[in-house]
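K.L.:
I am sharing final_8.cif, which consists of mmCIF, C-alpha atoms and all ligand atoms:
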data_protein
#
loop_
_atom_site.group_PDB
_atom_site.id
_atom_site.type_symbol
_atom_site.label_atom_id
_atom_site.label_comp_id
_atom_site.auth_asym_id
_atom_site.auth_seq_id
_atom_site.Cartn_x
_atom_site.Cartn_y
_atom_site.Cartn_z
ATOM 1 C CA MET A 1 -17.654 79.848 115.617
ATOM 2 C CA SER A 2 -17.868 76.937 113.179
ATOM 3 C CA LEU A 3 -15.652 75.917 110.290
ATOM 4 C CA ASP A 4 -16.705 76.276 106.687
ATOM 5 C CA PRO A 5 -18.232 73.093 105.215
ATOM 6 C CA ARG A 6 -15.077 72.082 103.303
ATOM 7 C CA ARG A 7 -12.909 72.277 106.391
ATOM 8 C CA ALA A 8 -15.536 70.594 108.512
ATOM 9 C CA ALA A 9 -15.628 67.713 106.004
ATOM 10 C CA LEU A 10 -11.848 67.488 106.086
ATOM 11 C CA TRP A 11 -11.909 67.471 109.860
ATOM 12 C CA GLN A 12 -14.355 64.610 109.929
ATOM 13 C CA ALA A 13 -12.505 62.700 107.222
ATOM 14 C CA MET A 14 -9.329 63.000 109.253
ATOM 15 C CA ASN A 15 -10.680 61.173 112.282
ATOM 16 C CA LEU A 16 -9.479 64.132 114.267
ATOM 17 C CA GLY A 17 -12.073 63.628 116.918
ATOM 18 C CA PRO A 18 -15.284 65.332 117.850
ATOM 19 C CA GLU A 19 -15.815 68.762 116.414
ATOM 20 C CA TRP A 20 -16.152 70.338 119.834
ATOM 21 C CA VAL A 21 -12.572 69.456 120.706
ATOM 22 C CA ARG A 22 -11.260 71.916 118.108
ATOM 23 C CA ARG A 23 -9.779 75.045 119.547
ATOM 24 C CA GLU A 24 -11.414 78.148 118.162
ATOM 25 C CA HIS A 25 -9.516 81.303 119.026
ATOM 26 C CA GLY A 26 -7.459 79.275 121.475
ATOM 27 C CA GLN A 27 -10.476 78.133 123.507
ATOM 28 C CA PRO A 28 -12.049 74.687 123.397
ATOM 29 C CA ALA A 29 -15.763 75.045 122.744
ATOM 30 C CA ARG A 30 -18.064 73.174 125.109
ATOM 31 C CA PRO A 31 -20.253 70.473 123.628
ATOM 32 C CA SER A 32 -24.004 70.513 123.869
ATOM 33 C CA PRO A 33 -25.473 67.086 124.709
ATOM 34 C CA ALA A 34 -26.707 66.785 121.121
ATOM 35 C CA GLN A 35 -23.262 67.619 119.737
ATOM 36 C CA ASP A 36 -21.738 65.148 122.144
ATOM 37 C CA GLY A 37 -23.879 62.353 120.716
ATOM 38 C CA ALA A 38 -23.106 63.335 117.139
ATOM 39 C CA ALA A 39 -19.408 63.476 117.935
ATOM 40 C CA ALA A 40 -19.422 60.049 119.517
ATOM 41 C CA ALA A 41 -21.269 58.652 116.511
ATOM 42 C CA ALA A 42 -18.759 60.281 114.163
ATOM 43 C CA LEU A 43 -15.917 58.664 116.059
ATOM 44 C CA GLN A 44 -17.544 55.277 115.893
ATOM 45 C CA ALA A 45 -18.164 55.489 112.177
ATOM 46 C CA PRO A 46 -14.750 54.789 110.670
ATOM 47 C CA VAL A 47 -13.832 56.971 107.730
ATOM 48 C CA PRO A 48 -12.702 54.901 104.729
ATOM 49 C CA ALA A 49 -8.922 55.010 104.425
ATOM 50 C CA ALA A 50 -9.090 56.243 100.835
ATOM 51 C CA GLN A 51 -11.336 59.142 101.820
ATOM 52 C CA ARG A 52 -9.055 60.088 104.700
ATOM 53 C CA ALA A 53 -5.961 59.856 102.469
ATOM 54 C CA ALA A 54 -7.645 62.073 99.860
ATOM 55 C CA ALA A 55 -8.453 64.668 102.515
ATOM 56 C CA ILE A 56 -4.843 64.668 103.709
ATOM 57 C CA ALA A 57 -3.550 64.865 100.139
ATOM 58 C CA ALA A 58 -5.396 68.172 99.722
ATOM 59 C CA MET A 59 -3.869 69.874 102.770
ATOM 60 C CA GLY A 60 -1.323 72.646 102.924
ATOM 61 C CA TRP A 61 1.515 72.675 105.451
ATOM 62 C CA ASP A 62 -0.312 74.379 108.295
ATOM 63 C CA GLU A 63 -3.427 72.296 107.934
ATOM 64 C CA LEU A 64 -1.323 69.150 107.734
ATOM 65 C CA GLN A 65 0.598 70.047 110.870
ATOM 66 C CA ALA A 66 -2.655 70.734 112.727
ATOM 67 C CA ALA A 67 -4.083 67.444 111.472
ATOM 68 C CA VAL A 68 -1.074 65.512 112.739
ATOM 69 C CA ALA A 69 -1.267 67.295 116.098
ATOM 70 C CA GLY A 70 -4.900 66.277 116.519
ATOM 71 C CA CYS A 71 -4.754 62.845 114.927
ATOM 72 C CA THR A 72 -6.625 60.020 116.624
ATOM 73 C CA ALA A 73 -6.478 57.567 113.736
ATOM 74 C CA CYS A 74 -4.593 54.868 115.653
ATOM 75 C CA GLY A 75 -4.022 53.821 119.238
ATOM 76 C CA LEU A 76 -0.725 55.697 119.544
ATOM 77 C CA CYS A 77 -2.692 58.891 120.213
ATOM 78 C CA GLN A 78 -3.515 57.484 123.628
ATOM 79 C CA THR A 79 0.071 57.034 124.752
ATOM 80 C CA ARG A 80 1.945 59.863 123.031
ATOM 81 C CA THR A 81 3.023 62.998 124.841
ATOM 82 C CA ARG A 82 3.434 65.028 121.649
ATOM 83 C CA THR A 83 3.177 64.369 117.977
ATOM 84 C CA VAL A 84 6.428 64.811 116.060
ATOM 85 C CA PHE A 85 5.677 66.481 112.761
ATOM 86 C CA GLY A 86 9.153 67.186 111.449
ATOM 87 C CA VAL A 87 11.846 69.818 111.545
ATOM 88 C CA GLY A 88 13.955 71.816 109.147
ATOM 89 C CA SER A 89 13.347 73.715 105.970
ATOM 90 C CA ARG A 90 10.168 72.913 104.077
ATOM 91 C CA THR A 91 11.926 73.839 100.870
ATOM 92 C CA ALA A 92 15.075 71.782 101.474
ATOM 93 C CA ARG A 93 16.494 69.696 98.625
ATOM 94 C CA TRP A 94 16.863 66.723 100.946
ATOM 95 C CA MET A 95 14.339 65.056 103.189
ATOM 96 C CA ILE A 96 15.547 62.615 105.824
ATOM 97 C CA VAL A 97 13.050 59.921 106.775
ATOM 98 C CA GLY A 98 13.394 58.001 110.032
ATOM 99 C CA GLU A 99 11.241 55.438 111.765
ATOM 100 C CA ALA A 100 9.341 56.901 114.701
ATOM 101 C CA PRO A 101 9.861 59.194 117.670
ATOM 102 C CA GLY A 102 11.565 57.758 120.741
ATOM 103 C CA ALA A 103 11.180 58.920 124.311
ATOM 104 C CA GLU A 104 13.105 62.167 123.912
ATOM 105 C CA GLU A 105 11.402 63.044 120.654
ATOM 106 C CA ASP A 106 8.008 62.326 122.220
ATOM 107 C CA ALA A 107 8.848 64.674 125.087
ATOM 108 C CA ARG A 108 10.161 67.483 122.892
ATOM 109 C CA GLY A 109 8.057 67.147 119.770
ATOM 110 C CA GLU A 110 11.090 67.144 117.463
ATOM 111 C CA PRO A 111 12.574 64.231 115.518
ATOM 112 C CA PHE A 112 16.024 62.830 116.201
ATOM 113 C CA VAL A 113 16.931 64.785 119.322
ATOM 114 C CA GLY A 114 18.382 61.868 121.307
ATOM 115 C CA GLN A 115 21.722 60.134 120.933
ATOM 116 C CA ALA A 116 20.849 58.830 117.478
ATOM 117 C CA GLY A 117 19.852 62.350 116.521
ATOM 118 C CA ARG A 118 23.232 63.721 117.549
ATOM 119 C CA LEU A 119 24.885 61.146 115.314
ATOM 120 C CA LEU A 120 22.526 62.079 112.488
ATOM 121 C CA ASP A 121 23.413 65.757 112.914
ATOM 122 C CA ASN A 122 27.107 64.854 112.765
ATOM 123 C CA MET A 123 26.599 62.750 109.655
ATOM 124 C CA LEU A 124 24.752 65.619 108.000
ATOM 125 C CA ALA A 125 27.410 68.117 109.085
ATOM 126 C CA ALA A 126 30.060 65.910 107.472
ATOM 127 C CA ILE A 127 28.385 66.528 104.122
ATOM 128 C CA GLY A 128 27.639 70.189 104.788
ATOM 129 C CA ARG A 129 23.990 69.774 105.650
ATOM 130 C CA SER A 130 21.950 70.743 108.682
ATOM 131 C CA ARG A 131 18.460 70.764 110.119
ATOM 132 C CA ALA A 132 18.825 74.480 110.888
ATOM 133 C CA GLN A 133 16.270 76.480 108.934
ATOM 134 C CA ASP A 134 18.825 79.052 107.869
ATOM 135 C CA ALA A 135 21.560 76.567 106.934
ATOM 136 C CA GLN A 136 23.203 76.926 103.556
ATOM 137 C CA ALA A 137 22.151 73.396 102.679
ATOM 138 C CA PRO A 138 19.200 72.621 104.936
ATOM 139 C CA VAL A 139 17.306 69.353 105.245
ATOM 140 C CA PHE A 140 13.824 68.505 106.420
ATOM 141 C CA ILE A 141 13.626 65.602 108.858
ATOM 142 C CA ALA A 142 10.483 63.518 109.284
ATOM 143 C CA ASN A 143 9.523 60.056 110.443
ATOM 144 C CA VAL A 144 7.267 57.343 109.087
ATOM 145 C CA LEU A 145 5.290 57.528 112.336
ATOM 146 C CA LYS A 146 4.428 60.830 113.957
ATOM 147 C CA CYS A 147 3.771 59.290 117.379
ATOM 148 C CA ARG A 148 5.986 57.218 119.634
ATOM 149 C CA PRO A 149 5.227 53.506 119.878
ATOM 150 C CA PRO A 150 5.171 52.778 123.615
ATOM 151 C CA GLY A 151 8.386 51.285 124.932
ATOM 152 C CA ASN A 152 9.926 51.872 121.498
ATOM 153 C CA ARG A 153 8.320 48.707 120.197
ATOM 154 C CA ASN A 154 8.187 48.153 116.459
ATOM 155 C CA PRO A 155 5.465 50.092 114.665
ATOM 156 C CA GLN A 156 2.428 48.001 113.779
ATOM 157 C CA PRO A 157 1.155 47.745 110.185
ATOM 158 C CA GLU A 158 -2.083 49.567 111.010
ATOM 159 C CA GLU A 159 -0.117 52.429 112.576
ATOM 160 C CA VAL A 160 2.052 52.730 109.486
ATOM 161 C CA ALA A 161 -0.985 52.633 107.230
ATOM 162 C CA ALA A 162 -2.730 55.349 109.245
ATOM 163 C CA CYS A 163 0.335 57.599 109.238
ATOM 164 C CA GLU A 164 1.540 57.057 105.670
ATOM 165 C CA PRO A 165 -0.692 59.739 104.085
ATOM 166 C CA PHE A 166 0.922 62.352 106.353
ATOM 167 C CA LEU A 167 4.452 61.506 105.221
ATOM 168 C CA LEU A 168 3.450 61.277 101.569
ATOM 169 C CA ARG A 169 1.845 64.709 101.778
ATOM 170 C CA GLN A 170 4.968 66.107 103.449
ATOM 171 C CA ILE A 171 7.045 64.756 100.577
ATOM 172 C CA GLU A 172 4.621 66.125 98.008
ATOM 173 C CA LEU A 173 4.576 69.573 99.601
ATOM 174 C CA ALA A 174 8.324 69.779 100.184
ATOM 175 C CA GLN A 175 9.212 68.429 96.733
ATOM 176 C CA PRO A 176 12.659 67.254 97.813
ATOM 177 C CA GLN A 177 15.217 66.316 95.197
ATOM 178 C CA LEU A 178 16.338 63.422 97.359
ATOM 179 C CA LEU A 179 15.060 61.240 100.166
ATOM 180 C CA LEU A 180 17.586 59.781 102.584
ATOM 181 C CA VAL A 181 15.774 56.896 104.216
ATOM 182 C CA MET A 182 17.245 55.760 107.500
ATOM 183 C CA GLY A 183 16.958 52.178 108.629
ATOM 184 C CA ARG A 184 15.286 48.973 107.598
ATOM 185 C CA PHE A 185 11.898 49.859 108.975
ATOM 186 C CA ALA A 186 11.584 53.241 107.241
ATOM 187 C CA ALA A 187 12.930 51.812 103.994
ATOM 188 C CA GLN A 188 10.592 48.837 103.964
ATOM 189 C CA SER A 189 7.582 50.978 104.869
ATOM 190 C CA LEU A 190 8.236 53.707 102.363
ATOM 191 C CA LEU A 191 9.301 51.466 99.503
ATOM 192 C CA HIS A 192 6.665 48.813 100.242
ATOM 193 C CA THR A 193 9.112 45.962 100.291
ATOM 194 C CA ASP A 194 10.332 43.371 102.747
ATOM 195 C CA ALA A 195 13.810 43.244 101.244
ATOM 196 C CA PRO A 196 16.636 43.469 103.792
ATOM 197 C CA ILE A 197 18.547 46.705 104.092
ATOM 198 C CA SER A 198 21.596 45.076 102.533
ATOM 199 C CA ALA A 199 19.582 44.661 99.323
ATOM 200 C CA LEU A 200 18.189 48.192 99.439
ATOM 201 C CA ARG A 201 21.432 50.110 99.978
ATOM 202 C CA GLY A 202 23.830 51.114 97.253
ATOM 203 C CA ARG A 203 21.375 52.191 94.562
ATOM 204 C CA ALA A 204 18.802 54.863 93.895
ATOM 205 C CA HIS A 205 15.151 53.968 94.324
ATOM 206 C CA ARG A 206 12.344 55.987 92.773
ATOM 207 C CA LEU A 207 9.402 56.730 95.014
ATOM 208 C CA PRO A 208 6.282 57.848 93.156
ATOM 209 C CA VAL A 209 4.693 60.717 95.093
ATOM 210 C CA GLY A 210 2.146 63.157 93.708
ATOM 211 C CA GLY A 211 3.006 62.545 90.073
ATOM 212 C CA ARG A 212 6.778 62.775 90.621
ATOM 213 C CA GLU A 213 9.378 60.088 91.113
ATOM 214 C CA VAL A 214 11.527 61.089 94.037
ATOM 215 C CA PRO A 215 15.024 59.555 94.175
ATOM 216 C CA ALA A 216 15.595 57.729 97.450
ATOM 217 C CA ILE A 217 18.790 56.430 99.010
ATOM 218 C CA VAL A 218 18.578 53.907 101.833
ATOM 219 C CA THR A 219 21.127 53.844 104.611
ATOM 220 C CA TYR A 220 21.518 52.516 108.128
ATOM 221 C CA HIS A 221 19.608 54.047 111.007
ATOM 222 C CA PRO A 222 21.842 56.138 113.278
ATOM 223 C CA ALA A 223 20.670 54.109 116.312
ATOM 224 C CA TYR A 224 21.939 50.978 114.557
ATOM 225 C CA LEU A 225 25.231 52.687 113.775
ATOM 226 C CA LEU A 226 25.700 53.534 117.452
ATOM 227 C CA ARG A 227 25.711 49.796 118.137
ATOM 228 C CA ASN A 228 27.545 48.702 114.993
ATOM 229 C CA LEU A 229 30.458 51.058 114.541
ATOM 230 C CA ALA A 230 31.984 49.031 111.723
ATOM 231 C CA ASP A 231 29.031 49.848 109.482
ATOM 232 C CA LYS A 232 29.696 53.586 109.716
ATOM 233 C CA ALA A 233 31.961 53.198 106.694
ATOM 234 C CA LYS A 234 29.039 51.815 104.704
ATOM 235 C CA ALA A 235 26.838 54.681 105.874
ATOM 236 C CA TRP A 236 29.511 57.095 104.670
ATOM 237 C CA ALA A 237 29.429 55.392 101.278
ATOM 238 C CA ASP A 238 25.647 55.849 101.248
ATOM 239 C CA LEU A 239 25.994 59.561 101.973
ATOM 240 C CA CYS A 240 28.530 59.878 99.164
ATOM 241 C CA LEU A 241 26.121 58.106 96.823
ATOM 242 C CA ALA A 242 23.364 60.513 97.863
ATOM 243 C CA LEU A 243 25.632 63.477 97.174
ATOM 244 C CA GLN A 244 26.570 62.026 93.809
ATOM 245 C CA LEU A 245 22.915 61.494 92.924
ATOM 246 C CA ASP A 246 22.133 65.055 93.892
ATOM 247 C CA GLU A 247 25.205 66.345 92.091
ATOM 248 C CA GLY A 248 25.318 70.025 91.639
ATOM 249 C CA GLY A 249 22.589 70.568 94.215
ATOM 250 C CA ALA A 250 23.307 72.547 97.358
HETATM 251 N N1 LIG B 1 14.617 57.340 115.648
HETATM 252 C C1 LIG B 1 13.865 57.688 114.581
HETATM 253 O O1 LIG B 1 13.735 56.928 113.633
HETATM 254 N N2 LIG B 1 13.301 58.872 114.580
HETATM 255 C C2 LIG B 1 13.423 59.741 115.580
HETATM 256 O O2 LIG B 1 12.860 60.831 115.498
HETATM 257 C C3 LIG B 1 14.208 59.357 116.674
HETATM 258 C C4 LIG B 1 14.797 58.155 116.694
#
Could you write out this structure as structure tokens?

P.N.:
Amino acid sequence: MSLDPRRAALWQAMNLGPEWVRREHGQPARPSPAQDGAAAAALQAPVPAAQRAAAIAAMGWDELQAAVAGCTACGLCQTRTRTVFGVGSRTARWMIVGEAPGAEEDARGEPFVGQAGRLLDNMLAAIGRSRAQDAQAPVFIANVLKCRPPGNRNPQPEEVAACEPFLLRQIELAQPQLLLVMGRFAAQSLLHTDAPISALRGRAHRLPVGGREVPAIVTYHPAYLLRNLADKAKAWADLCLALQLDEGGA
């Protein structure tokens, strides 16, 4: 069975790999030699970034999640165990944005499940929020990168560029009232700045996404806070600022 032309075009624009790799009815179709050649050619012909971003910007949640799961747009696809799409309520008022999956997240396919994740959950609980879908005040948690950089090295600019359309589409679909951006890397990537975190904290940023300006608060990454306990007080101040900004919201 083949996809309709619009979806096939999206698939190609996404750099998702050869068409025969798609699972139809749960079964991978086998390639014919001719298809094999066409697929290889498609992989070698890079899709312009703008075209790929436009294809992603037209996706709904399920399509987006499938696209992330099959993404081969950067080298991280060769070393990841699982992609890490995000977790929580897709209609939450708050979206938490971290850097990239670590080893535990890569193994489980869920963001922030290691030690830093436990601290994040505690920080959220302290302000009455939770990643649980059925929580009274749920959040959605996502990362700038959907795949783990090997050895937890810093993400490379080309990896960020390839992954950015996914996060922007998540923000556009979820329409959060507030972004809580965790750590220098996520803040600099999302806000397109090289300002230090000390200059980014303590005020509301406005991130233009899909015709809206989404308020964003920058705070320390939980992994940093595990090593720098004294800065937990500043992180608490950031959470209070986020609450204040989102005043009245659950
Ligand atoms: N650090 C992050 O930034 N994200 C995760 O998902 C885990 C650790």

K.L.:
Using all atoms listed in the file, what are the residues with an atom within 7 Å of ligand LIG 1 (chain B), set out as a PyMOL selection string?

P.N.:
chain A and resi 98-102+105+110-114+116-117+143+223

K.L.:
Name the closest residue to Pro215 in chain A among the candidates A:Val181, A:Cys147, A:Leu124, A:Ala50; distances are taken between atoms, counting only C-alpha atoms.

P.N.:
A:Val181

K.L.:
If you take every atom of range 77-94 of chain A that the file lists and fit an axis-aligned box around them with 6 Å extra on each side, what centre and edge lengths come out in Å to one decimal, as AutoDock Vina command-line options?

P.N.:
--center_x 6.7 --center_y 65.4 --center_z 111.7 --size_x 32.4 --size_y 28.8 --size_z 38.2

K.L.:
Would you kindly translate the PyMOL selection byres (((chain A and resi 74) around 12) and not hetatm) into the concrete residues it picks from this file, as a ChimeraX atom specification?

P.N.:
/A:14-17,43,46,68,70-73,75-80,145-149,155-164

K.L.:
Between A:Ala126, A:Leu64, A:Ala137, A:Ala142, which has the minimum distance to Gly86 in chain A (counting only C-alpha atoms)?

P.N.:
A:Ala142

K.L.:
Let me make sure I understand: among A:Pro48, A:Gly60, A:Pro196, A:Gly109, which one has the smallest atom-to-atom distance to Ala174 in chain A if we use all atoms listed in the file?

P.N.:
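When distances to Ala174 in chain A are compared using all atoms listed in the file, the smallest one comes from A:Gly60.
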
K.L.:
In Å to one decimal, how far is CA of Ala107 in chain A from CA of Leu239 in chain A?

P.N.:
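Atom-to-atom, CA of Leu239 in chain A to CA of Ala107 in chain A, that is 29.2 Å.
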
K.L.:
So, with all atoms listed in the file as the atoms that count, which of A:Leu120, A:Leu243, A:Leu207, A:Ala103 lies closest to Gln188 in chain A?

P.N.:
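Answer, going by the shortest atom-to-atom distance: A:Leu207.
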
K.L.:
If I put a ball of radius 7 Å at (15.7, 64.7, 107.6) in the file's coordinates, which residues poke into it when counting all atoms listed in the file, written as a PDB file with C-alpha atoms, in the frame of the given file?

P.N.:
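File out-v9.pdb, as written:
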ATOM      1  CA  MET A  95      14.339  65.056 103.189  1.00  0.00           C
ATOM      2  CA  ILE A  96      15.547  62.615 105.824  1.00  0.00           C
ATOM      3  CA  VAL A  97      13.050  59.921 106.775  1.00  0.00           C
ATOM      4  CA  VAL A 139      17.306  69.353 105.245  1.00  0.00           C
ATOM      5  CA  PHE A 140      13.824  68.505 106.420  1.00  0.00           C
ATOM      6  CA  ILE A 141      13.626  65.602 108.858  1.00  0.00           C
ATOM      7  CA  ALA A 142      10.483  63.518 109.284  1.00  0.00           C
TER       8      ALA A 142
END

K.L.:
Please, can range 105-120 of chain A be completed to N, CA and C atoms and returned as a PDB file, in the frame of the given file?

P.N.:
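So the final result, stored in selection-v6.pdb, reads:
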ATOM      1  N   GLU A 105      12.141  62.352 121.713  1.00  0.00           N
ATOM      2  CA  GLU A 105      11.402  63.044 120.654  1.00  0.00           C
ATOM      3  C   GLU A 105       9.942  63.251 121.072  1.00  0.00           C
ATOM      4  N   ASP A 106       9.383  62.243 121.736  1.00  0.00           N
ATOM      5  CA  ASP A 106       8.008  62.326 122.220  1.00  0.00           C
ATOM      6  C   ASP A 106       7.865  63.460 123.248  1.00  0.00           C
ATOM      7  N   ALA A 107       8.902  63.621 124.062  1.00  0.00           N
ATOM      8  CA  ALA A 107       8.848  64.674 125.087  1.00  0.00           C
ATOM      9  C   ALA A 107       9.017  66.061 124.474  1.00  0.00           C
ATOM     10  N   ARG A 108       9.847  66.151 123.438  1.00  0.00           N
ATOM     11  CA  ARG A 108      10.161  67.483 122.892  1.00  0.00           C
ATOM     12  C   ARG A 108       9.393  67.852 121.629  1.00  0.00           C
ATOM     13  N   GLY A 109       8.827  66.853 120.981  1.00  0.00           N
ATOM     14  CA  GLY A 109       8.057  67.147 119.770  1.00  0.00           C
ATOM     15  C   GLY A 109       8.924  67.405 118.553  1.00  0.00           C
ATOM     16  N   GLU A 110      10.178  66.947 118.608  1.00  0.00           N
ATOM     17  CA  GLU A 110      11.090  67.144 117.463  1.00  0.00           C
ATOM     18  C   GLU A 110      11.776  65.817 117.141  1.00  0.00           C
ATOM     19  N   PRO A 111      11.939  65.511 115.846  1.00  0.00           N
ATOM     20  CA  PRO A 111      12.574  64.231 115.518  1.00  0.00           C
ATOM     21  C   PRO A 111      14.075  64.233 115.791  1.00  0.00           C
ATOM     22  N   PHE A 112      14.581  63.058 116.085  1.00  0.00           N
ATOM     23  CA  PHE A 112      16.024  62.830 116.201  1.00  0.00           C
ATOM     24  C   PHE A 112      16.709  63.856 117.116  1.00  0.00           C
ATOM     25  N   VAL A 113      16.266  63.889 118.368  1.00  0.00           N
ATOM     26  CA  VAL A 113      16.931  64.785 119.322  1.00  0.00           C
ATOM     27  C   VAL A 113      17.711  64.010 120.392  1.00  0.00           C
ATOM     28  N   GLY A 114      17.633  62.669 120.353  1.00  0.00           N
ATOM     29  CA  GLY A 114      18.382  61.868 121.307  1.00  0.00           C
ATOM     30  C   GLY A 114      19.781  61.562 120.776  1.00  0.00           C
ATOM     31  N   GLN A 115      20.344  60.497 121.312  1.00  0.00           N
ATOM     32  CA  GLN A 115      21.722  60.134 120.933  1.00  0.00           C
ATOM     33  C   GLN A 115      21.832  59.847 119.432  1.00  0.00           C
ATOM     34  N   ALA A 116      20.841  59.125 118.918  1.00  0.00           N
ATOM     35  CA  ALA A 116      20.849  58.830 117.478  1.00  0.00           C
ATOM     36  C   ALA A 116      20.744  60.125 116.666  1.00  0.00           C
ATOM     37  N   GLY A 117      19.999  61.064 117.198  1.00  0.00           N
ATOM     38  CA  GLY A 117      19.852  62.350 116.521  1.00  0.00           C
ATOM     39  C   GLY A 117      21.159  63.124 116.469  1.00  0.00           C
ATOM     40  N   ARG A 118      21.931  63.025 117.556  1.00  0.00           N
ATOM     41  CA  ARG A 118      23.232  63.721 117.549  1.00  0.00           C
ATOM     42  C   ARG A 118      24.144  63.107 116.490  1.00  0.00           C
ATOM     43  N   LEU A 119      24.085  61.777 116.373  1.00  0.00           N
ATOM     44  CA  LEU A 119      24.885  61.146 115.314  1.00  0.00           C
ATOM     45  C   LEU A 119      24.373  61.587 113.933  1.00  0.00           C
ATOM     46  N   LEU A 120      23.072  61.625 113.772  1.00  0.00           N
ATOM     47  CA  LEU A 120      22.526  62.079 112.488  1.00  0.00           C
ATOM     48  C   LEU A 120      23.008  63.499 112.171  1.00  0.00           C
TER      49      LEU A 120
END
